$ cat data-v1.cif   # mmCIF, C-alpha atoms
data_target
loop_
_atom_site.label_atom_id
_atom_site.label_comp_id
_atom_site.auth_asym_id
_atom_site.auth_seq_id
_atom_site.Cartn_x
_atom_site.Cartn_y
_atom_site.Cartn_z
CA MET R 22 49.20 2.33 -57.54
CA ILE R 23 46.96 -0.51 -58.52
CA PHE R 24 49.23 -3.00 -56.78
CA VAL R 25 49.28 -0.97 -53.61
CA SER R 26 45.53 -0.61 -53.69
CA LEU R 27 45.02 -4.31 -54.15
CA ASN R 28 47.53 -5.09 -51.43
CA VAL R 29 45.78 -2.81 -48.98
CA SER R 30 42.43 -4.36 -49.84
CA ALA R 31 43.82 -7.80 -49.33
CA ASN R 32 45.31 -6.86 -45.96
CA SER R 33 42.03 -5.23 -44.90
CA GLU R 34 40.09 -8.32 -45.85
CA SER R 35 42.49 -10.51 -43.89
CA ALA R 36 42.18 -8.23 -40.87
CA ASN R 37 38.39 -8.22 -41.13
CA ASN R 38 38.31 -12.01 -41.34
CA ALA R 39 40.58 -12.23 -38.30
CA ASN R 40 38.37 -9.79 -36.39
CA ASN R 41 35.27 -11.71 -37.40
CA ASP R 42 36.87 -14.97 -36.26
CA ASN R 43 37.84 -13.38 -32.94
CA TRP R 44 34.32 -11.96 -32.52
CA ALA R 45 32.85 -15.38 -33.31
CA ASP R 46 35.15 -17.03 -30.76
CA GLU R 47 34.23 -14.46 -28.14
CA TRP R 48 30.52 -14.86 -28.89
CA ALA R 49 30.78 -18.64 -28.76
CA ASP R 50 32.64 -18.56 -25.45
CA GLU R 51 30.37 -15.96 -23.78
CA PRO R 52 28.94 -17.50 -20.60
CA PRO R 53 25.16 -17.74 -20.22
CA ALA R 54 23.35 -15.04 -18.29
CA SER R 55 23.35 -15.62 -14.55
CA PRO R 56 20.03 -16.76 -13.04
CA TRP R 57 20.80 -14.49 -10.06
CA GLN R 58 20.02 -10.81 -9.91
CA VAL R 59 20.89 -8.58 -6.95
CA THR R 60 19.71 -4.98 -6.61
CA GLY R 61 18.80 -2.68 -3.75
CA PHE R 62 19.19 0.75 -2.23
CA ILE R 63 20.42 2.70 0.77
CA GLU R 64 18.17 5.47 2.03
CA ALA R 65 18.23 8.15 4.70
CA ALA R 66 14.95 9.87 5.64
CA HIS R 67 13.85 12.45 8.17
CA GLY R 68 10.43 13.82 9.08
CA GLN R 69 9.57 16.65 11.47
CA PHE R 70 6.29 17.43 13.25
CA LEU R 71 5.18 20.99 12.51
CA GLN R 72 3.51 21.60 15.88
CA ALA R 73 3.40 20.28 19.44
CA ASN R 74 2.11 16.74 19.81
CA VAL R 75 0.93 14.77 22.84
CA SER R 76 3.32 12.02 21.78
CA GLN R 77 6.08 14.38 23.00
CA LYS R 78 8.15 13.56 19.95
CA SER R 79 9.57 16.14 17.58
CA THR R 80 10.26 13.73 14.72
CA SER R 81 7.77 11.60 12.79
CA LEU R 82 10.48 9.84 10.77
CA SER R 83 14.21 9.43 11.32
CA GLU R 84 15.92 6.39 9.84
CA VAL R 85 18.69 4.95 7.72
CA ARG R 86 17.56 1.95 5.65
CA ALA R 87 19.29 -0.66 3.50
CA ARG R 88 17.39 -2.88 1.06
CA VAL R 89 18.63 -5.97 -0.76
CA ASN R 90 16.54 -7.52 -3.56
CA ILE R 91 17.57 -11.02 -4.59
CA ASP R 92 15.92 -12.77 -7.55
CA TYR R 93 16.65 -16.27 -8.81
CA SER R 94 15.17 -17.63 -12.03
CA HIS R 95 14.97 -21.37 -12.75
CA GLU R 96 13.20 -23.16 -15.58
CA LEU R 97 10.80 -24.67 -13.03
CA PHE R 98 10.36 -21.81 -10.55
CA ASP R 99 11.32 -18.28 -9.54
CA ALA R 100 12.51 -17.21 -6.10
CA THR R 101 12.34 -13.67 -4.76
CA GLY R 102 13.69 -12.06 -1.62
CA LYS R 103 13.37 -8.45 -0.46
CA LEU R 104 15.13 -7.77 2.81
CA ASP R 105 15.10 -4.48 4.73
CA SER R 106 17.23 -3.47 7.69
CA TYR R 107 17.04 -0.03 9.23
CA TYR R 108 17.67 1.94 12.36
CA ASP R 109 14.50 3.76 13.46
CA HIS R 110 15.52 6.68 15.67
CA VAL R 111 11.86 7.44 16.54
CA LEU R 112 11.52 4.00 18.15
CA ALA R 113 15.22 3.89 19.10
CA LYS R 114 15.82 0.41 17.71
CA THR R 115 17.17 -1.51 14.74
CA ILE R 116 14.55 -3.36 12.74
CA PHE R 117 14.96 -6.23 10.28
CA GLN R 118 12.03 -6.86 7.95
CA THR R 119 11.47 -9.46 5.26
CA ARG R 120 9.18 -7.78 2.75
CA GLU R 121 9.24 -10.76 0.42
CA LEU R 122 10.60 -14.29 0.53
CA SER R 123 8.62 -16.39 -1.92
CA LEU R 124 8.62 -19.10 -4.55
CA SER R 125 6.46 -18.93 -7.66
CA ALA R 126 5.82 -21.57 -10.28
CA SER R 127 3.42 -22.65 -13.03
CA PRO R 128 2.89 -26.40 -12.61
CA PHE R 129 0.30 -26.28 -15.42
CA SER R 130 -0.31 -23.83 -18.24
CA PHE R 131 -3.52 -22.65 -16.57
CA VAL R 132 -2.23 -22.29 -12.98
CA ASP R 133 0.24 -19.96 -11.27
CA ILE R 134 1.22 -20.46 -7.62
CA LYS R 135 3.14 -18.11 -5.35
CA ALA R 136 3.86 -19.10 -1.75
CA GLY R 137 5.71 -17.36 1.04
CA ARG R 138 6.03 -13.84 2.33
CA GLN R 139 4.69 -11.39 -0.23
CA VAL R 140 2.89 -8.10 -0.77
CA LEU R 141 -0.64 -8.51 -2.13
CA THR R 142 -3.02 -5.99 -3.65
CA TRP R 143 -6.03 -5.62 -5.94
CA GLY R 144 -8.99 -3.31 -6.51
CA THR R 145 -9.39 -0.05 -8.43
CA GLY R 146 -9.04 2.69 -5.80
CA ASP R 147 -6.21 5.21 -5.52
CA TYR R 148 -5.25 5.27 -1.81
CA LEU R 149 -8.81 4.03 -1.12
CA PHE R 150 -9.32 0.33 -0.44
CA LEU R 151 -12.69 -1.38 -0.63
CA ASN R 152 -12.19 -5.02 -1.61
CA ASP R 153 -8.46 -4.94 -0.92
CA LEU R 154 -8.34 -6.27 2.66
CA PHE R 155 -4.64 -7.14 2.50
CA ALA R 156 -2.42 -5.61 5.18
CA LYS R 157 -1.53 -1.89 5.01
CA ASP R 158 1.09 0.11 6.90
CA TRP R 159 -0.55 3.42 7.83
CA GLN R 160 2.35 4.50 10.02
CA SER R 161 4.65 4.38 6.99
CA PHE R 162 2.10 6.16 4.80
CA PHE R 163 1.55 9.07 7.19
CA SER R 164 5.25 9.49 8.00
CA GLY R 165 6.55 9.99 4.45
CA ARG R 166 8.06 6.65 3.52
CA ALA R 167 7.86 5.58 -0.13
CA ASP R 168 4.43 4.52 -1.34
CA GLU R 169 5.52 0.89 -1.66
CA TYR R 170 5.60 0.71 2.15
CA LEU R 171 1.87 1.45 2.38
CA LYS R 172 1.38 -2.19 1.36
CA ALA R 173 2.52 -4.47 4.18
CA PRO R 174 3.66 -8.08 3.59
CA SER R 175 1.91 -11.24 4.74
CA ASN R 176 2.73 -14.95 4.73
CA SER R 177 0.30 -16.26 2.14
CA VAL R 178 -0.34 -18.73 -0.66
CA ARG R 179 -1.77 -17.19 -3.83
CA THR R 180 -3.05 -19.24 -6.75
CA ASN R 181 -4.18 -17.86 -10.12
CA TRP R 182 -6.33 -20.01 -12.41
CA PHE R 183 -6.87 -19.09 -16.07
CA TYR R 184 -9.49 -20.15 -18.60
CA LYS R 185 -9.69 -18.15 -21.82
CA ALA R 186 -10.58 -14.55 -20.80
CA VAL R 187 -11.43 -15.50 -17.21
CA SER R 188 -9.01 -15.60 -14.27
CA PHE R 189 -9.66 -16.67 -10.69
CA SER R 190 -7.35 -15.78 -7.81
CA LEU R 191 -7.48 -17.35 -4.36
CA VAL R 192 -5.31 -16.17 -1.47
CA TRP R 193 -4.95 -18.07 1.79
CA THR R 194 -3.20 -16.42 4.72
CA PRO R 195 -2.76 -19.10 7.42
CA GLU R 196 -2.33 -16.50 10.17
CA PHE R 197 -4.35 -13.28 10.05
CA THR R 198 -2.17 -10.26 9.23
CA SER R 199 -3.53 -6.94 10.49
CA ASP R 200 -2.71 -3.43 9.32
CA ASN R 201 0.13 -1.55 10.97
CA TYR R 202 -2.38 0.92 12.40
CA ILE R 203 -1.94 4.14 14.38
CA ASN R 204 -1.31 3.05 17.98
CA GLY R 205 0.49 5.93 19.68
CA GLU R 206 4.10 4.85 19.29
CA ARG R 207 4.64 7.33 16.43
CA PHE R 208 1.37 9.28 16.01
CA SER R 209 -1.38 10.39 18.38
CA PHE R 210 -5.05 9.44 17.87
CA TYR R 211 -8.49 9.86 19.43
CA SER R 212 -9.61 7.33 22.04
CA PRO R 213 -13.40 6.94 22.43
CA GLN R 214 -12.83 5.33 25.85
CA VAL R 215 -11.16 8.38 27.39
CA GLN R 216 -12.64 10.84 24.84
CA GLN R 217 -9.41 12.67 24.09
CA ILE R 218 -6.30 12.58 21.92
CA ILE R 219 -3.74 10.14 23.31
CA ALA R 220 -0.39 8.61 22.39
CA PRO R 221 0.45 5.65 24.66
CA ALA R 222 4.21 5.19 24.60
CA ASN R 223 4.03 1.42 24.14
CA GLY R 224 0.88 1.29 22.05
CA PHE R 225 -2.33 -0.16 23.46
CA SER R 226 -3.37 -3.67 24.35
CA VAL R 227 -4.79 -5.65 21.42
CA GLU R 228 -5.73 -9.32 21.53
CA LYS R 229 -3.65 -11.44 19.17
CA ASN R 230 -5.37 -13.33 16.37
CA HIS R 231 -3.72 -16.43 14.91
CA LYS R 232 -6.60 -17.63 12.75
CA SER R 233 -6.61 -17.69 8.96
CA GLN R 234 -8.15 -15.41 6.35
CA TRP R 235 -9.24 -15.95 2.73
CA SER R 236 -9.50 -13.60 -0.24
CA ALA R 237 -10.82 -14.40 -3.72
CA ARG R 238 -11.25 -12.58 -7.02
CA LEU R 239 -12.91 -13.59 -10.31
CA LYS R 240 -11.92 -11.30 -13.21
CA THR R 241 -12.77 -11.11 -16.90
CA GLN R 242 -12.98 -8.73 -19.85
CA LEU R 243 -16.32 -7.79 -21.44
CA ASN R 244 -15.58 -5.84 -24.60
CA ASN R 245 -13.48 -2.93 -23.27
CA VAL R 246 -14.68 -3.27 -19.68
CA GLU R 247 -12.67 -5.18 -17.09
CA VAL R 248 -14.98 -6.51 -14.38
CA ALA R 249 -14.19 -8.39 -11.18
CA LEU R 250 -16.02 -10.05 -8.31
CA TYR R 251 -14.44 -10.25 -4.84
CA GLY R 252 -14.89 -12.18 -1.64
CA TYR R 253 -13.20 -12.04 1.76
CA GLN R 254 -13.55 -14.06 4.93
CA GLY R 255 -11.49 -12.99 7.91
CA TYR R 256 -11.33 -10.08 10.32
CA TRP R 257 -11.37 -6.29 10.38
CA PRO R 258 -7.81 -5.20 9.45
CA THR R 259 -7.74 -2.72 12.35
CA PRO R 260 -8.96 -3.44 15.93
CA GLN R 261 -12.58 -2.32 15.48
CA GLY R 262 -13.83 -4.26 18.50
CA THR R 263 -13.52 -3.73 22.25
CA LYS R 264 -14.38 -6.15 25.02
CA PRO R 265 -13.97 -6.31 28.80
CA SER R 266 -10.53 -7.35 29.95
CA GLY R 267 -8.60 -7.55 33.18
CA LEU R 268 -5.38 -6.63 31.40
CA SER R 269 -3.67 -3.37 32.28
CA SER R 270 -3.46 -0.80 29.50
CA GLN R 271 -2.54 2.84 29.22
CA VAL R 272 -5.71 3.40 27.21
CA SER R 273 -8.08 1.58 29.54
CA SER R 274 -7.77 -0.85 32.44
CA GLN R 275 -11.22 -2.31 31.78
CA TYR R 276 -11.29 -2.99 28.04
CA GLN R 277 -9.13 -4.61 25.40
CA SER R 278 -9.26 -4.05 21.66
CA TYR R 279 -9.48 -6.94 19.21
CA PHE R 280 -10.20 -7.76 15.55
CA PRO R 281 -13.88 -8.73 15.06
CA LYS R 282 -14.90 -11.18 12.34
CA LEU R 283 -15.60 -9.65 8.94
CA ASN R 284 -17.01 -11.00 5.66
CA VAL R 285 -16.90 -8.89 2.50
CA TRP R 286 -18.16 -9.32 -1.04
CA GLY R 287 -17.86 -6.81 -3.84
CA VAL R 288 -17.56 -5.93 -7.51
CA SER R 289 -15.51 -3.54 -9.65
CA ALA R 290 -15.35 -2.28 -13.24
CA THR R 291 -12.69 -0.39 -15.19
CA ALA R 292 -13.10 0.99 -18.71
CA PRO R 293 -11.70 3.64 -21.08
CA PHE R 294 -13.94 6.72 -21.26
CA LYS R 295 -13.56 10.07 -23.06
CA GLY R 296 -9.79 9.82 -23.37
CA GLY R 297 -9.31 8.64 -19.79
CA ILE R 298 -9.97 5.72 -17.47
CA PHE R 299 -13.21 5.30 -15.51
CA ASN R 300 -13.44 2.97 -12.53
CA ALA R 301 -16.18 1.97 -10.11
CA GLU R 302 -16.10 -0.36 -7.12
CA TYR R 303 -18.55 -1.55 -4.48
CA ALA R 304 -18.07 -3.61 -1.31
CA SER R 305 -20.47 -4.86 1.34
CA TYR R 306 -18.84 -5.16 4.78
CA ASN R 307 -20.66 -7.62 7.04
CA SER R 308 -19.59 -7.37 10.68
CA THR R 309 -20.79 -10.86 11.58
CA GLU R 310 -20.38 -10.52 15.35
CA ASP R 311 -22.94 -7.68 15.39
CA ASN R 312 -25.38 -8.32 12.54
CA GLN R 313 -28.02 -5.92 13.96
CA GLY R 314 -25.66 -3.10 14.90
CA THR R 315 -26.77 -3.05 18.53
CA ASN R 316 -23.35 -3.69 20.10
CA ASP R 317 -21.62 -0.37 20.71
CA MET R 318 -18.29 -2.20 21.20
CA ILE R 319 -18.09 -3.60 17.65
CA ALA R 320 -17.95 -1.72 14.36
CA ASN R 321 -21.13 -1.84 12.28
CA GLY R 322 -21.20 -3.28 8.80
CA GLN R 323 -20.92 -0.86 5.87
CA HIS R 324 -21.72 -0.32 2.23
CA ARG R 325 -18.70 1.16 0.44
CA LEU R 326 -18.90 2.74 -3.02
CA LEU R 327 -16.16 4.30 -5.15
CA ILE R 328 -16.35 6.13 -8.49
CA GLY R 329 -13.18 7.48 -10.12
CA TYR R 330 -11.87 9.01 -13.32
CA GLU R 331 -8.34 9.71 -14.56
CA ARG R 332 -7.04 11.39 -17.69
CA GLU R 333 -4.14 13.44 -19.03
CA LEU R 334 -5.07 17.14 -19.05
CA ALA R 335 -1.95 18.29 -20.88
CA LYS R 336 1.43 16.88 -21.81
CA ASN R 337 2.98 15.39 -18.64
CA LEU R 338 0.04 16.56 -16.49
CA THR R 339 -2.37 13.90 -15.23
CA ALA R 340 -5.38 14.42 -12.97
CA SER R 341 -7.66 11.95 -11.24
CA MET R 342 -10.73 12.38 -9.05
CA GLN R 343 -12.62 9.96 -6.82
CA TYR R 344 -15.90 10.01 -4.95
CA TYR R 345 -16.15 7.60 -2.03
CA LEU R 346 -19.24 6.77 0.04
CA GLU R 347 -19.20 4.87 3.31
CA ARG R 348 -22.75 4.10 4.44
CA THR R 349 -23.11 2.56 7.91
CA LYS R 350 -25.56 -0.34 8.20
CA HIS R 351 -28.16 -0.38 11.03
CA TYR R 352 -27.29 3.24 11.80
CA GLN R 353 -30.30 3.96 13.99
CA ALA R 354 -29.51 0.93 16.17
CA LEU R 355 -25.92 2.17 16.43
CA LYS R 356 -27.04 5.64 17.58
CA ALA R 357 -29.60 4.21 20.03
CA ASN R 358 -27.02 1.97 21.71
CA SER R 359 -24.03 4.31 21.58
CA GLN R 360 -22.63 5.88 24.74
CA THR R 361 -21.37 8.84 22.65
CA PRO R 362 -23.91 9.22 19.82
CA ASP R 363 -22.79 12.79 19.02
CA GLN R 364 -19.30 11.50 18.20
CA ARG R 365 -20.41 8.82 15.78
CA VAL R 366 -19.53 9.15 12.12
CA ALA R 367 -22.38 10.32 9.87
CA GLU R 368 -24.60 7.60 8.44
CA ASN R 369 -23.31 8.54 5.00
CA ARG R 370 -19.65 9.53 5.12
CA HIS R 371 -18.64 11.25 1.88
CA LEU R 372 -15.05 11.62 0.74
CA LEU R 373 -13.62 13.39 -2.32
CA THR R 374 -10.06 12.97 -3.59
CA LEU R 375 -7.99 14.78 -6.20
CA ARG R 376 -4.58 13.77 -7.52
CA LEU R 377 -2.45 16.06 -9.72
CA HIS R 378 0.72 14.58 -11.19
CA TYR R 379 3.18 16.61 -13.31
CA ARG R 380 6.53 15.53 -14.79
CA ALA R 381 9.27 17.90 -15.96
CA LEU R 382 12.97 17.90 -16.95
CA ARG R 383 12.59 14.90 -19.25
CA GLN R 384 10.51 12.96 -16.72
CA THR R 385 13.17 13.24 -13.99
CA LEU R 386 11.30 15.78 -11.82
CA THR R 387 7.84 14.87 -10.54
CA TYR R 388 5.43 17.14 -8.69
CA SER R 389 2.49 15.42 -7.02
CA MET R 390 -0.44 16.51 -4.89
CA PHE R 391 -3.03 14.18 -3.40
CA ALA R 392 -5.93 15.76 -1.50
CA PHE R 393 -8.67 14.13 0.61
CA TYR R 394 -11.69 16.10 1.79
CA SER R 395 -14.79 14.86 3.59
CA PRO R 396 -17.77 17.27 3.36
CA SER R 397 -19.65 15.16 5.93
CA ASP R 398 -16.84 15.05 8.52
CA LYS R 399 -15.49 18.51 7.66
CA ASP R 400 -11.94 17.20 7.67
CA GLY R 401 -9.21 16.40 5.17
CA TYR R 402 -5.65 15.42 4.38
CA LEU R 403 -3.13 16.92 1.92
CA LYS R 404 -0.16 14.89 0.68
CA PRO R 405 2.15 17.00 -1.56
CA SER R 406 5.51 15.62 -2.72
CA ILE R 407 8.42 16.31 -5.09
CA ASN R 408 10.69 13.59 -6.49
CA TYR R 409 13.91 14.25 -8.42
CA GLN R 410 15.69 11.39 -10.18
CA TYR R 411 19.18 12.92 -10.46
CA ASN R 412 20.56 9.90 -12.33
CA ASP R 413 20.13 6.13 -12.40
CA GLN R 414 21.45 5.86 -8.86
CA TRP R 415 20.28 8.91 -6.92
CA LEU R 416 16.68 9.80 -6.02
CA PHE R 417 15.78 12.79 -3.82
CA SER R 418 12.30 13.29 -2.39
CA THR R 419 10.49 15.71 -0.12
CA GLY R 420 6.89 16.26 0.91
CA ALA R 421 4.41 16.73 3.72
CA ASN R 422 1.41 15.15 5.44
CA VAL R 423 -1.06 17.87 6.40
CA PHE R 424 -4.18 16.98 8.40
CA PHE R 425 -7.07 19.22 9.36
CA GLY R 426 -10.55 18.83 10.80
CA ARG R 427 -13.29 20.47 12.83
CA ASN R 428 -13.59 17.64 15.40
CA ASP R 429 -10.97 15.67 17.30
CA PHE R 430 -12.90 12.43 16.83
CA SER R 431 -13.26 12.49 13.02
CA PHE R 432 -11.07 10.30 10.79
CA PHE R 433 -8.57 13.00 9.72
CA GLY R 434 -9.39 15.51 12.45
CA GLN R 435 -7.86 13.28 15.14
CA LEU R 436 -4.54 13.38 13.25
CA GLU R 437 -4.31 17.18 12.96
CA ASN R 438 -1.42 17.48 15.44
CA ASN R 439 0.48 14.82 13.48
CA THR R 440 1.07 17.18 10.53
CA ASN R 441 4.67 16.71 9.37
CA ALA R 442 7.18 17.50 6.62
CA TRP R 443 9.79 15.02 5.42
CA LEU R 444 12.72 14.52 3.04
CA SER R 445 14.77 11.54 1.87
CA ALA R 446 17.78 10.62 -0.25
CA ARG R 447 18.11 7.19 -1.86
CA TYR R 448 21.08 5.56 -3.57
CA GLN R 449 20.05 2.65 -5.82
CA TYR R 450 22.35 -0.11 -7.03
#

$ encode --input "data-v1.cif" --output "structure tokens"
Amino acid sequence: MIFVSLNVSANSESANNANNDNWADEWADEPPASPWQVTGFIEAAHGQFLQANVSQKSTSLSEVRARVNIDYSHELFDATGKLDSYYDHVLAKTIFQTRELSLSASPFSFVDIKAGRQVLTWGTGDYLFLNDLFAKDWQSFFSGRADEYLKAPSNSVRTNWFYKAVSFSLVWTPEFTSDNYINGERFSFYSPQVQQIIAPANGFSVEKNHKSQWSARLKTQLNNVEVALYGYQGYWPTPQGTKPSGLSSQVSSQYQSYFPKLNVWGVSATAPFKGGIFNAEYASYNSTEDNQGTNDMIANGQHRLLIGYERELAKNLTASMQYYLERTKHYQALKANSQTPDQRVAENRHLLTLRLHYRALRQTLTYSMFAFYSPSDKDGYLKPSINYQYNDQWLFSTGANVFFGRNDFSFFGQLENNTNAWLSARYQY
């Protein structure tokens, strides 16, 4: 019995040594990790208007989309590409979009550089943007596409400079990139020129702008408070100016919209407070082509103020609230020179927001509600949604965009007939 026991032990030890040698050989021969990484998704989405619309469309969203993300990592630089292709049934065409195609590197320990097509963002607001003048896609946001599509890409060079607890970011966009604003091709809107809700089939005439824009941010930490200073030199992100034109347009045969010059400076602060996060932000919008506010054809400058607070109310339930003030500069001059003074926004436009976010089923099911309400405009916008992550590959989503308002010319009131419900299914790889 002893002999057998010893023999078995000896054989086991030999087998273990052989296994260990094999494991060592396999480990030694294992190839290095590939510097390439490819991911992406395929998504089908559909959105339906819930009432008649002057756009004479029944669908707000109808598309099949394919995304490919390609990342390459080198010891000297990183390369990123995000490529979208989709068939948009609402516009009846196939669209190819490069959301990102960039190179990033750190030539020195205190400098980061990223150049190429990229999505840029900063500021403290939740769906409210004060010092963030980077391009937005409002047509995607109001139709039910994923939140990432609210941020539109631009061809820019971004540099980040670091010194101890201070960082400085400078963004140069050689060719001005506007928002993808509401223009009639998908949603209707109010036209001050014709004083009614319209939806021109091919959009409306807007003068192109090929000049550059600059954005800067200086950020640091003071105890537990993160503070930042901002600056912007460029143009209004939506066509806030109108000037005489001989061009033909479905909106007007006498005027053409354009992007007036705009300079902005601002400040923000974020800090923990009473178990949550408090944030505040201010921005001064200077409409430099109409410093006195006497030109009815150009948007006045504004003071913009935001105060917000977010905290967890219960396990998996988070709530956040924001108060936003938009105060028009030179308001009396604006009213005195306006052709439609009764349709002008209030001197102090107030906006309240509430977000409720609840996760269930081990974080795989998410209920969300975001509500906007303006007590000064008497209008609002509700954005409920449900997301279900079935597994690592499949994501199902549904929601709605509900607009309401007392007046056709107010910010959300003009969109009332664009109320829609949507759903989507995404396969991720």

$ atom_distance --input "data-v1.cif" --atom1 "atom CA of Phe391 of chain R" --atom2 "atom CA of Ala156 of chain R"
21.6 Å

$ resolve_selection --input "data-v1.cif" --expression "the PyMOL selection byres ((chain R and resi 432) around 10)" --output "number ranges by chain"
R: 210-211, 366, 395, 398-402, 424-426, 428-431, 433-437

$ residues_around --input "data-v1.cif" --residues "Tyr184 of chain R" --least-positions-apart "2" --cutoff "10 Å" --atoms "only C-alpha atoms" --output "number ranges by chain"
R: 130-132, 182, 186-189, 241

$ residues_around --input "data-v1.cif" --residues "Lys229 of chain R" --least-positions-apart "3" --cutoff "12 Å" --atoms "all atoms listed in the file" --output "PyMOL selection string"
chain R and resi 196-199+226+232+256+259-260+277-281

$ residues_around --input "data-v1.cif" --residues "Leu375 of chain R" --least-positions-apart "3" --cutoff "6 Å" --atoms "all atoms listed in the file" --output "JSON, numbers by chain"
{"R": [341, 342, 391, 392]}

$ write_last_selection --input "data-v1.cif" --atoms "C-alpha atoms" --output "PDB file, in the coordinates of the input"
ATOM      1  CA  SER R 341      -7.660  11.950 -11.240  1.00  0.00           C
ATOM      2  CA  MET R 342     -10.730  12.380  -9.050  1.00  0.00           C
ATOM      3  CA  PHE R 391      -3.030  14.180  -3.400  1.00  0.00           C
ATOM      4  CA  ALA R 392      -5.930  15.760  -1.500  1.00  0.00           C
TER       5      ALA R 392
END

$ residues_around --input "data-v1.cif" --residues "segment 381-384 of chain R" --least-positions-apart "3" --cutoff "10 Å" --atoms "all atoms listed in the file" --output "PDB file with C-alpha atoms, in the frame of the given file"
ATOM      1  CA  LYS R 336       1.430  16.880 -21.810  1.00  0.00           C
ATOM      2  CA  ASN R 337       2.980  15.390 -18.640  1.00  0.00           C
ATOM      3  CA  LEU R 338       0.040  16.560 -16.490  1.00  0.00           C
ATOM      4  CA  THR R 387       7.840  14.870 -10.540  1.00  0.00           C
ATOM      5  CA  TYR R 388       5.430  17.140  -8.690  1.00  0.00           C
ATOM      6  CA  TYR R 409      13.910  14.250  -8.420  1.00  0.00           C
ATOM      7  CA  GLN R 410      15.690  11.390 -10.180  1.00  0.00           C
TER       8      GLN R 410
END

$ residues_around --input "data-v1.cif" --residues "Thr385 of chain R" --least-positions-apart "4" --cutoff "12 Å" --atoms "all atoms listed in the file" --output "PyMOL selection string"
chain R and resi 337+379-381+407-413+415-418

$ write_last_selection --input "data-v1.cif" --atoms "C-alpha atoms" --output "PDB file, in the frame of the given file"
ATOM      1  CA  ASN R 337       2.980  15.390 -18.640  1.00  0.00           C
ATOM      2  CA  TYR R 379       3.180  16.610 -13.310  1.00  0.00           C
ATOM      3  CA  ARG R 380       6.530  15.530 -14.790  1.00  0.00           C
ATOM      4  CA  ALA R 381       9.270  17.900 -15.960  1.00  0.00           C
ATOM      5  CA  ILE R 407       8.420  16.310  -5.090  1.00  0.00           C
ATOM      6  CA  ASN R 408      10.690  13.590  -6.490  1.00  0.00           C
ATOM      7  CA  TYR R 409      13.910  14.250  -8.420  1.00  0.00           C
ATOM      8  CA  GLN R 410      15.690  11.390 -10.180  1.00  0.00           C
ATOM      9  CA  TYR R 411      19.180  12.920 -10.460  1.00  0.00           C
ATOM     10  CA  ASN R 412      20.560   9.900 -12.330  1.00  0.00           C
ATOM     11  CA  ASP R 413      20.130   6.130 -12.400  1.00  0.00           C
ATOM     12  CA  TRP R 415      20.280   8.910  -6.920  1.00  0.00           C
ATOM     13  CA  LEU R 416      16.680   9.800  -6.020  1.00  0.00           C
ATOM     14  CA  PHE R 417      15.780  12.790  -3.820  1.00  0.00           C
ATOM     15  CA  SER R 418      12.300  13.290  -2.390  1.00  0.00           C
TER      16      SER R 418
END

$ atom_distance --input "data-v1.cif" --atom1 "atom CA of Asn245 of chain R" --atom2 "atom CA of Gly296 of chain R"
13.3 Å

$ closest_residue --input "data-v1.cif" --among "R:Val111, R:Val75, R:Ala173, R:Leu141" --to "Pro221 of chain R" --atoms "all atoms listed in the file"
R:Val75

$ residues_near_point --input "data-v1.cif" --point "(19.0, -0.9, -8.8)" --cutoff "10 Å" --atoms "only C-alpha atoms" --output "tab-separated table (two decimals) with C-alpha atoms, in the coordinates of the input"
chain	number	residue	atom	x	y	z
R	59	VAL	CA	20.89	-8.58	-6.95
R	60	THR	CA	19.71	-4.98	-6.61
R	61	GLY	CA	18.80	-2.68	-3.75
R	62	PHE	CA	19.19	0.75	-2.23
R	89	VAL	CA	18.63	-5.97	-0.76
R	90	ASN	CA	16.54	-7.52	-3.56
R	413	ASP	CA	20.13	6.13	-12.40
R	414	GLN	CA	21.45	5.86	-8.86
R	448	TYR	CA	21.08	5.56	-3.57
R	449	GLN	CA	20.05	2.65	-5.82
R	450	TYR	CA	22.35	-0.11	-7.03

$ resolve_selection --input "data-v1.cif" --expression "the PyMOL selection byres ((chain R and resi 70) around 7)" --output "count of residues only"
11

$ closest_residue --input "data-v1.cif" --among "R:Asn316, R:Thr291, R:Thr115, R:Gln275" --to "Ile328 of chain R" --atoms "all atoms listed in the file"
R:Thr291

$ atom_distance --input "data-v1.cif" --atom1 "atom CA of Ser76 of chain R" --atom2 "atom CA of Phe208 of chain R"
6.7 Å

$ closest_residue --input "data-v1.cif" --among "R:Leu327, R:Leu334, R:Ala421, R:Ala222" --to "Arg348 of chain R" --atoms "all atoms listed in the file"
R:Leu327

$ closest_residue --input "data-v1.cif" --among "R:Phe98, R:Phe225, R:Tyr330, R:Trp235" --to "Thr145 of chain R" --atoms "all atoms listed in the file"
R:Tyr330

$ resolve_selection --input "data-v1.cif" --expression "the PyMOL selection byres ((chain R and resi 194) around 10)" --output "PyMOL selection string"
chain R and resi 136-138+155+175-179+192-193+195-198+232-236+255

$ closest_residue --input "data-v1.cif" --among "R:Lys356, R:His378, R:Lys78, R:Arg88" --to "Ala335 of chain R" --atoms "all atoms listed in the file"
R:His378
